[in-house]
>>> print(open('run11.txt').read())   # compact mmCIF, C-alpha atoms
# COMPACT_ATOMS: atom_id res chain seq x y z
CA MET A 15 -180.46 -66.13 58.46
CA SER A 16 -178.09 -68.86 59.54
CA LYS A 17 -174.48 -68.19 60.41
CA PRO A 18 -171.92 -69.04 57.75
CA THR A 19 -170.14 -72.29 58.45
CA GLU A 20 -166.42 -72.46 58.98
CA ASN A 21 -165.93 -74.55 55.84
CA PRO A 22 -167.73 -73.80 52.58
CA PRO A 23 -170.44 -76.29 51.67
CA THR A 24 -169.49 -79.08 49.30
CA SER A 25 -172.96 -80.49 48.70
CA PRO A 26 -176.46 -79.05 48.14
CA THR A 27 -177.56 -80.93 51.28
CA ASP A 28 -175.22 -78.67 53.28
CA ILE A 29 -177.17 -75.57 52.29
CA ASN A 30 -179.92 -73.68 54.06
CA LEU A 31 -181.90 -71.52 51.65
CA ASP A 32 -182.05 -68.62 54.07
CA VAL A 33 -185.31 -66.63 53.83
CA LEU A 34 -186.22 -68.58 50.68
CA GLU A 35 -187.00 -71.64 52.83
CA ASP A 36 -190.34 -70.07 53.73
CA THR A 37 -191.03 -68.13 50.53
CA LEU A 38 -193.78 -69.48 48.28
CA SER A 39 -192.51 -67.57 45.24
CA PHE A 40 -189.12 -69.34 45.43
CA TYR A 41 -190.75 -72.77 45.25
CA ILE A 42 -193.14 -71.73 42.48
CA ARG A 43 -190.28 -70.36 40.34
CA THR A 44 -187.99 -73.35 40.83
CA ILE A 45 -190.74 -75.91 40.35
CA ASN A 46 -191.80 -74.04 37.21
CA LEU A 47 -188.30 -74.50 35.78
CA ALA A 48 -188.32 -78.24 36.51
CA VAL A 49 -191.87 -78.75 35.20
CA SER A 50 -191.08 -76.77 32.04
CA ARG A 51 -187.96 -78.84 31.33
CA ASP A 52 -189.87 -82.07 31.82
CA LEU A 53 -192.79 -80.93 29.67
CA ASP A 54 -190.45 -79.74 26.91
CA ALA A 55 -188.84 -83.18 26.88
CA ARG A 56 -192.27 -84.81 26.48
CA LEU A 57 -193.23 -82.38 23.73
CA ASP A 58 -189.90 -82.72 21.92
CA GLY A 59 -190.39 -82.45 18.18
CA LEU A 60 -193.83 -80.83 18.49
CA ASP A 61 -194.38 -77.19 17.50
CA VAL A 62 -195.41 -76.21 21.04
CA ALA A 63 -192.21 -77.36 22.76
CA LYS A 64 -189.79 -74.86 24.23
CA GLY A 65 -191.06 -71.66 25.73
CA THR A 66 -194.33 -70.73 27.35
CA GLY A 67 -197.65 -69.54 26.04
CA LYS A 68 -197.94 -71.74 22.96
CA ILE A 69 -199.90 -74.55 24.60
CA THR A 70 -202.39 -72.16 26.18
CA THR A 71 -202.75 -70.28 22.89
CA LEU A 72 -203.26 -73.48 20.91
CA LEU A 73 -205.90 -74.83 23.29
CA LEU A 74 -207.78 -71.52 23.59
CA VAL A 75 -207.88 -71.03 19.82
CA ASP A 76 -209.09 -74.62 19.41
CA ASP A 77 -211.76 -74.19 22.10
CA TYR A 78 -212.88 -70.67 21.11
CA PRO A 79 -212.84 -70.11 17.35
CA GLY A 80 -212.44 -66.42 16.59
CA ILE A 81 -210.85 -65.58 19.95
CA ARG A 82 -208.92 -62.33 19.89
CA PRO A 83 -205.20 -62.21 20.67
CA SER A 84 -205.86 -59.61 23.37
CA VAL A 85 -207.99 -62.09 25.32
CA ILE A 86 -205.26 -64.73 25.17
CA ALA A 87 -202.63 -62.13 26.10
CA HIS A 88 -204.67 -61.17 29.16
CA LEU A 89 -205.14 -64.78 30.28
CA THR A 90 -201.45 -65.63 29.75
CA MET A 91 -200.25 -62.30 31.21
CA ARG A 92 -198.32 -61.37 28.06
CA ASP A 93 -197.86 -57.98 26.47
CA ARG A 94 -198.97 -57.36 22.88
CA SER A 95 -195.52 -57.83 21.37
CA ALA A 96 -194.89 -61.13 23.16
CA MET A 97 -198.34 -62.38 22.17
CA GLY A 98 -197.69 -61.26 18.60
CA ARG A 99 -194.46 -63.28 18.46
CA ILE A 100 -196.23 -66.42 19.70
CA ILE A 101 -199.03 -65.98 17.17
CA ASP A 102 -196.59 -65.26 14.33
CA GLN A 103 -194.70 -68.45 15.13
CA MET A 104 -197.89 -70.50 15.31
CA VAL A 105 -199.19 -69.03 12.02
CA SER A 106 -195.85 -69.80 10.33
CA HIS A 107 -196.14 -73.42 11.52
CA ASP A 108 -199.71 -73.60 10.16
CA LEU A 109 -201.24 -74.23 13.59
CA ILE A 110 -203.56 -71.24 13.62
CA ARG A 111 -204.71 -68.61 11.14
CA ARG A 112 -205.61 -64.95 11.54
CA GLU A 113 -208.66 -63.24 10.11
CA VAL A 114 -209.79 -59.64 10.32
CA SER A 115 -212.80 -59.34 12.60
CA PRO A 116 -216.00 -58.58 10.70
CA ASP A 117 -217.10 -56.48 13.70
CA ASP A 118 -213.95 -54.37 13.92
CA SER A 119 -211.49 -54.15 11.04
CA ARG A 120 -208.73 -53.21 13.50
CA ALA A 121 -209.10 -56.48 15.42
CA GLN A 122 -207.90 -59.96 14.57
CA GLU A 123 -209.63 -63.23 15.22
CA LEU A 124 -207.76 -66.51 15.55
CA TYR A 125 -208.83 -69.87 14.18
CA ILE A 126 -207.33 -73.32 14.46
CA THR A 127 -206.05 -75.11 11.38
CA GLU A 128 -206.33 -78.82 10.72
CA ALA A 129 -202.71 -79.28 11.82
CA GLY A 130 -203.35 -77.18 14.92
CA SER A 131 -206.42 -79.21 15.82
CA ALA A 132 -204.45 -82.45 15.49
CA LEU A 133 -201.67 -81.03 17.66
CA ALA A 134 -204.20 -79.83 20.26
CA THR A 135 -205.51 -83.40 20.50
CA LYS A 136 -201.97 -84.70 21.16
CA VAL A 137 -201.29 -81.95 23.70
CA ARG A 138 -204.50 -82.77 25.59
CA GLU A 139 -203.15 -86.30 26.08
CA ILE A 140 -199.55 -85.38 26.91
CA VAL A 141 -200.02 -82.46 29.33
CA PRO A 142 -202.26 -84.13 31.95
CA GLN A 143 -200.15 -87.30 31.86
CA GLN A 144 -196.95 -85.29 32.28
CA SER A 145 -198.45 -83.51 35.28
CA ARG A 146 -199.58 -86.80 36.87
CA ASP A 147 -196.15 -88.37 36.31
CA PHE A 148 -194.13 -85.36 37.42
CA PHE A 149 -196.07 -84.92 40.66
CA SER A 150 -196.66 -88.63 41.33
CA PHE A 151 -194.86 -88.34 44.68
CA ILE A 152 -197.63 -86.03 45.94
CA PRO A 153 -200.91 -87.76 46.88
CA GLU A 154 -203.82 -86.93 44.57
CA ASP A 155 -205.88 -85.26 47.30
CA GLU A 156 -202.98 -82.93 48.11
CA GLN A 157 -202.49 -82.17 44.39
CA LYS A 158 -206.15 -81.12 44.24
CA GLN A 159 -205.61 -78.79 47.20
CA VAL A 160 -202.58 -77.18 45.56
CA ILE A 161 -204.46 -76.81 42.26
CA ASP A 162 -207.35 -75.16 44.08
CA ILE A 163 -205.04 -72.68 45.82
CA LEU A 164 -203.08 -71.87 42.65
CA ARG A 165 -206.27 -71.58 40.58
CA ARG A 166 -207.64 -69.03 43.05
CA ALA A 167 -204.37 -67.09 42.96
CA TYR A 168 -204.31 -67.15 39.13
CA ARG A 169 -207.92 -66.04 38.84
CA HIS A 170 -207.28 -63.21 41.29
CA ILE A 171 -204.16 -62.07 39.43
CA VAL A 172 -205.84 -62.03 35.99
CA GLY A 173 -209.00 -60.43 37.35
CA LEU A 174 -211.46 -63.30 37.04
CA ALA A 175 -214.18 -63.63 39.64
>>> encode(input="run11.txt", output="structure tokens")
Amino acid sequence: MSKPTENPPTSPTDINLDVLEDTLSFYIRTINLAVSRDLDARLDGLDVAKGTGKITTLLLVDDYPGIRPSVIAHLTMRDRSAMGRIIDQMVSHDLIRREVSPDDSRAQELYITEAGSALATKVREIVPQQSRDFFSFIPEDEQKQVIDILRRAYRHIVGLA
């Protein structure tokens, strides 16, 4: 920890982040905030803007017709109630629909609607472009390294081999 200066700082450039300078979680959390704000601005007016989990849910339901909410909840690290709120919102916006599983009447299956499929197509164009633009100051080969590291961490955390 650095010693406090005699005069309080008047600019962010006068600040040392203390132990956070060398803490990966600090950078991940702060970059997540900035990326989320930028992505929300790009998605403004679309039903998946604002908040997290809706894009992943939309794309997984589009890619895997009949997927169960519990699978999406596991992959997005959400509890049942949070997943339920996301699904309720998406159903009310006619992006996905629920059906009772023919294999287990206690389970739900999720299916994309026509509006949801159209939105998924738009999202698949916007999200990669937003990522390329946002991180354009980082060379592509370094971006691939970071993605590889974060993908391994994610897969470990959610229990995927």
>>> closest_residue(input="run11.txt", among="A:Ala175, A:Ile126, A:Ala167, A:Ile100", to="Val62 in chain A", atoms="all atoms listed in the file")
A:Ile100
>>> closest_atom_pairs(input="run11.txt", of="range 58-169 of chain A", to="range 33-44 of chain A", cutoff="12 Å", atoms="all atoms listed in the file", output="Markdown table")
| residue | atom | partner | partner_atom | distance |
| --- | --- | --- | --- | --- |
| A:Val160 | CA | A:Ile42 | CA | 11.3 |
| A:Ile163 | CA | A:Leu38 | CA | 12.0 |
| A:Leu164 | CA | A:Ile42 | CA | 9.9 |
>>> residues_around(input="run11.txt", residues="range 79-83 of chain A", least_positions_apart="3", cutoff="12 Å", atoms="all atoms listed in the file", output="JSON, numbers by chain")
{"A": [67, 70, 71, 72, 73, 74, 75, 76, 86, 87, 88, 89, 90, 91, 92, 93, 94, 95, 96, 97, 98, 99, 100, 101, 102, 110, 111, 112, 113, 114, 115, 116, 117, 118, 120, 121, 122, 123, 124, 125, 126, 127, 131]}
>>> closest_residue(input="run11.txt", among="A:Ile29, A:Ile45, A:Val105, A:Val137", to="Leu60 in chain A", atoms="all atoms listed in the file")
A:Val137
>>> atom_distance(input="run11.txt", atom1="CA of Phe151 in chain A", atom2="CA of His170 in chain A")
28.2 Å
>>> axis_aligned_box(input="run11.txt", around="range 57-61 of chain A", padding_each_side="6 Å", output="lines of an AutoDock Vina configuration file")
center_x = -192.1
center_y = -80.0
center_z = 20.6
size_x = 16.5
size_y = 17.5
size_z = 18.2
>>> atom_distance(input="run11.txt", atom1="CA of Leu53 in chain A", atom2="CA of Ile69 in chain A")
10.8 Å
>>> build_atoms(input="run11.txt", residues="range 56-67 of chain A", atoms="all heavy atoms", output="PDB file, in the frame of the given file")
ATOM      1  N   ARG A  56    -191.124 -84.007  26.946  1.00  0.00           N
ATOM      2  CA  ARG A  56    -192.270 -84.810  26.480  1.00  0.00           C
ATOM      3  C   ARG A  56    -192.827 -84.294  25.166  1.00  0.00           C
ATOM      4  O   ARG A  56    -193.391 -85.058  24.389  1.00  0.00           O
ATOM      5  CB  ARG A  56    -193.392 -84.785  27.518  1.00  0.00           C
ATOM      6  CG  ARG A  56    -192.966 -85.289  28.858  1.00  0.00           C
ATOM      7  CD  ARG A  56    -193.625 -86.559  29.186  1.00  0.00           C
ATOM      8  NE  ARG A  56    -193.293 -86.936  30.549  1.00  0.00           N
ATOM      9  CZ  ARG A  56    -194.068 -87.633  31.313  1.00  0.00           C
ATOM     10  NH1 ARG A  56    -195.235 -88.031  30.876  1.00  0.00           N
ATOM     11  NH2 ARG A  56    -193.688 -87.964  32.518  1.00  0.00           N
ATOM     12  N   LEU A  57    -192.706 -82.995  24.942  1.00  0.00           N
ATOM     13  CA  LEU A  57    -193.230 -82.380  23.730  1.00  0.00           C
ATOM     14  C   LEU A  57    -192.186 -82.275  22.625  1.00  0.00           C
ATOM     15  O   LEU A  57    -192.455 -81.690  21.579  1.00  0.00           O
ATOM     16  CB  LEU A  57    -193.781 -80.980  24.045  1.00  0.00           C
ATOM     17  CG  LEU A  57    -194.939 -80.900  25.020  1.00  0.00           C
ATOM     18  CD1 LEU A  57    -195.198 -79.458  25.419  1.00  0.00           C
ATOM     19  CD2 LEU A  57    -196.185 -81.534  24.429  1.00  0.00           C
ATOM     20  N   ASP A  58    -191.002 -82.833  22.867  1.00  0.00           N
ATOM     21  CA  ASP A  58    -189.900 -82.720  21.920  1.00  0.00           C
ATOM     22  C   ASP A  58    -190.349 -83.087  20.509  1.00  0.00           C
ATOM     23  O   ASP A  58    -190.981 -84.121  20.298  1.00  0.00           O
ATOM     24  CB  ASP A  58    -188.732 -83.609  22.353  1.00  0.00           C
ATOM     25  CG  ASP A  58    -187.481 -83.341  21.548  1.00  0.00           C
ATOM     26  OD1 ASP A  58    -187.221 -82.170  21.245  1.00  0.00           O
ATOM     27  OD2 ASP A  58    -186.770 -84.320  21.219  1.00  0.00           O
ATOM     28  N   GLY A  59    -190.037 -82.213  19.572  1.00  0.00           N
ATOM     29  CA  GLY A  59    -190.390 -82.450  18.180  1.00  0.00           C
ATOM     30  C   GLY A  59    -191.748 -81.870  17.795  1.00  0.00           C
ATOM     31  O   GLY A  59    -192.075 -81.801  16.615  1.00  0.00           O
ATOM     32  N   LEU A  60    -192.538 -81.449  18.781  1.00  0.00           N
ATOM     33  CA  LEU A  60    -193.830 -80.830  18.490  1.00  0.00           C
ATOM     34  C   LEU A  60    -193.669 -79.312  18.462  1.00  0.00           C
ATOM     35  O   LEU A  60    -192.812 -78.761  19.147  1.00  0.00           O
ATOM     36  CB  LEU A  60    -194.877 -81.239  19.534  1.00  0.00           C
ATOM     37  CG  LEU A  60    -195.162 -82.733  19.667  1.00  0.00           C
ATOM     38  CD1 LEU A  60    -196.179 -82.983  20.774  1.00  0.00           C
ATOM     39  CD2 LEU A  60    -195.656 -83.311  18.350  1.00  0.00           C
ATOM     40  N   ASP A  61    -194.507 -78.634  17.687  1.00  0.00           N
ATOM     41  CA  ASP A  61    -194.380 -77.190  17.500  1.00  0.00           C
ATOM     42  C   ASP A  61    -194.704 -76.359  18.733  1.00  0.00           C
ATOM     43  O   ASP A  61    -194.571 -75.139  18.686  1.00  0.00           O
ATOM     44  CB  ASP A  61    -195.268 -76.730  16.339  1.00  0.00           C
ATOM     45  CG  ASP A  61    -194.712 -77.130  14.991  1.00  0.00           C
ATOM     46  OD1 ASP A  61    -193.472 -77.142  14.834  1.00  0.00           O
ATOM     47  OD2 ASP A  61    -195.516 -77.431  14.091  1.00  0.00           O
ATOM     48  N   VAL A  62    -195.124 -76.966  19.812  1.00  0.00           N
ATOM     49  CA  VAL A  62    -195.410 -76.210  21.040  1.00  0.00           C
ATOM     50  C   VAL A  62    -194.346 -76.401  22.105  1.00  0.00           C
ATOM     51  O   VAL A  62    -194.459 -75.867  23.200  1.00  0.00           O
ATOM     52  CB  VAL A  62    -196.802 -76.552  21.615  1.00  0.00           C
ATOM     53  CG1 VAL A  62    -197.903 -75.996  20.740  1.00  0.00           C
ATOM     54  CG2 VAL A  62    -196.960 -78.038  21.827  1.00  0.00           C
ATOM     55  N   ALA A  63    -193.288 -77.165  21.787  1.00  0.00           N
ATOM     56  CA  ALA A  63    -192.210 -77.360  22.760  1.00  0.00           C
ATOM     57  C   ALA A  63    -191.377 -76.099  22.868  1.00  0.00           C
ATOM     58  O   ALA A  63    -191.370 -75.267  21.969  1.00  0.00           O
ATOM     59  CB  ALA A  63    -191.339 -78.543  22.324  1.00  0.00           C
ATOM     60  N   LYS A  64    -190.703 -75.962  23.967  1.00  0.00           N
ATOM     61  CA  LYS A  64    -189.790 -74.860  24.230  1.00  0.00           C
ATOM     62  C   LYS A  64    -190.503 -73.526  24.345  1.00  0.00           C
ATOM     63  O   LYS A  64    -191.083 -73.035  23.396  1.00  0.00           O
ATOM     64  CB  LYS A  64    -188.694 -74.773  23.158  1.00  0.00           C
ATOM     65  CG  LYS A  64    -187.933 -76.057  22.970  1.00  0.00           C
ATOM     66  CD  LYS A  64    -186.677 -76.068  23.789  1.00  0.00           C
ATOM     67  CE  LYS A  64    -185.801 -77.230  23.383  1.00  0.00           C
ATOM     68  NZ  LYS A  64    -185.771 -78.253  24.394  1.00  0.00           N
ATOM     69  N   GLY A  65    -190.442 -72.961  25.508  1.00  0.00           N
ATOM     70  CA  GLY A  65    -191.060 -71.660  25.730  1.00  0.00           C
ATOM     71  C   GLY A  65    -192.424 -71.826  26.381  1.00  0.00           C
ATOM     72  O   GLY A  65    -192.907 -72.936  26.582  1.00  0.00           O
ATOM     73  N   THR A  66    -193.029 -70.693  26.701  1.00  0.00           N
ATOM     74  CA  THR A  66    -194.330 -70.730  27.350  1.00  0.00           C
ATOM     75  C   THR A  66    -195.338 -69.913  26.546  1.00  0.00           C
ATOM     76  O   THR A  66    -194.968 -69.008  25.816  1.00  0.00           O
ATOM     77  CB  THR A  66    -194.258 -70.176  28.781  1.00  0.00           C
ATOM     78  OG1 THR A  66    -193.784 -68.832  28.729  1.00  0.00           O
ATOM     79  CG2 THR A  66    -193.337 -71.005  29.659  1.00  0.00           C
ATOM     80  N   GLY A  67    -196.581 -70.269  26.689  1.00  0.00           N
ATOM     81  CA  GLY A  67    -197.650 -69.540  26.040  1.00  0.00           C
ATOM     82  C   GLY A  67    -198.233 -70.224  24.819  1.00  0.00           C
ATOM     83  O   GLY A  67    -199.372 -69.968  24.439  1.00  0.00           O
TER      84      GLY A  67
END
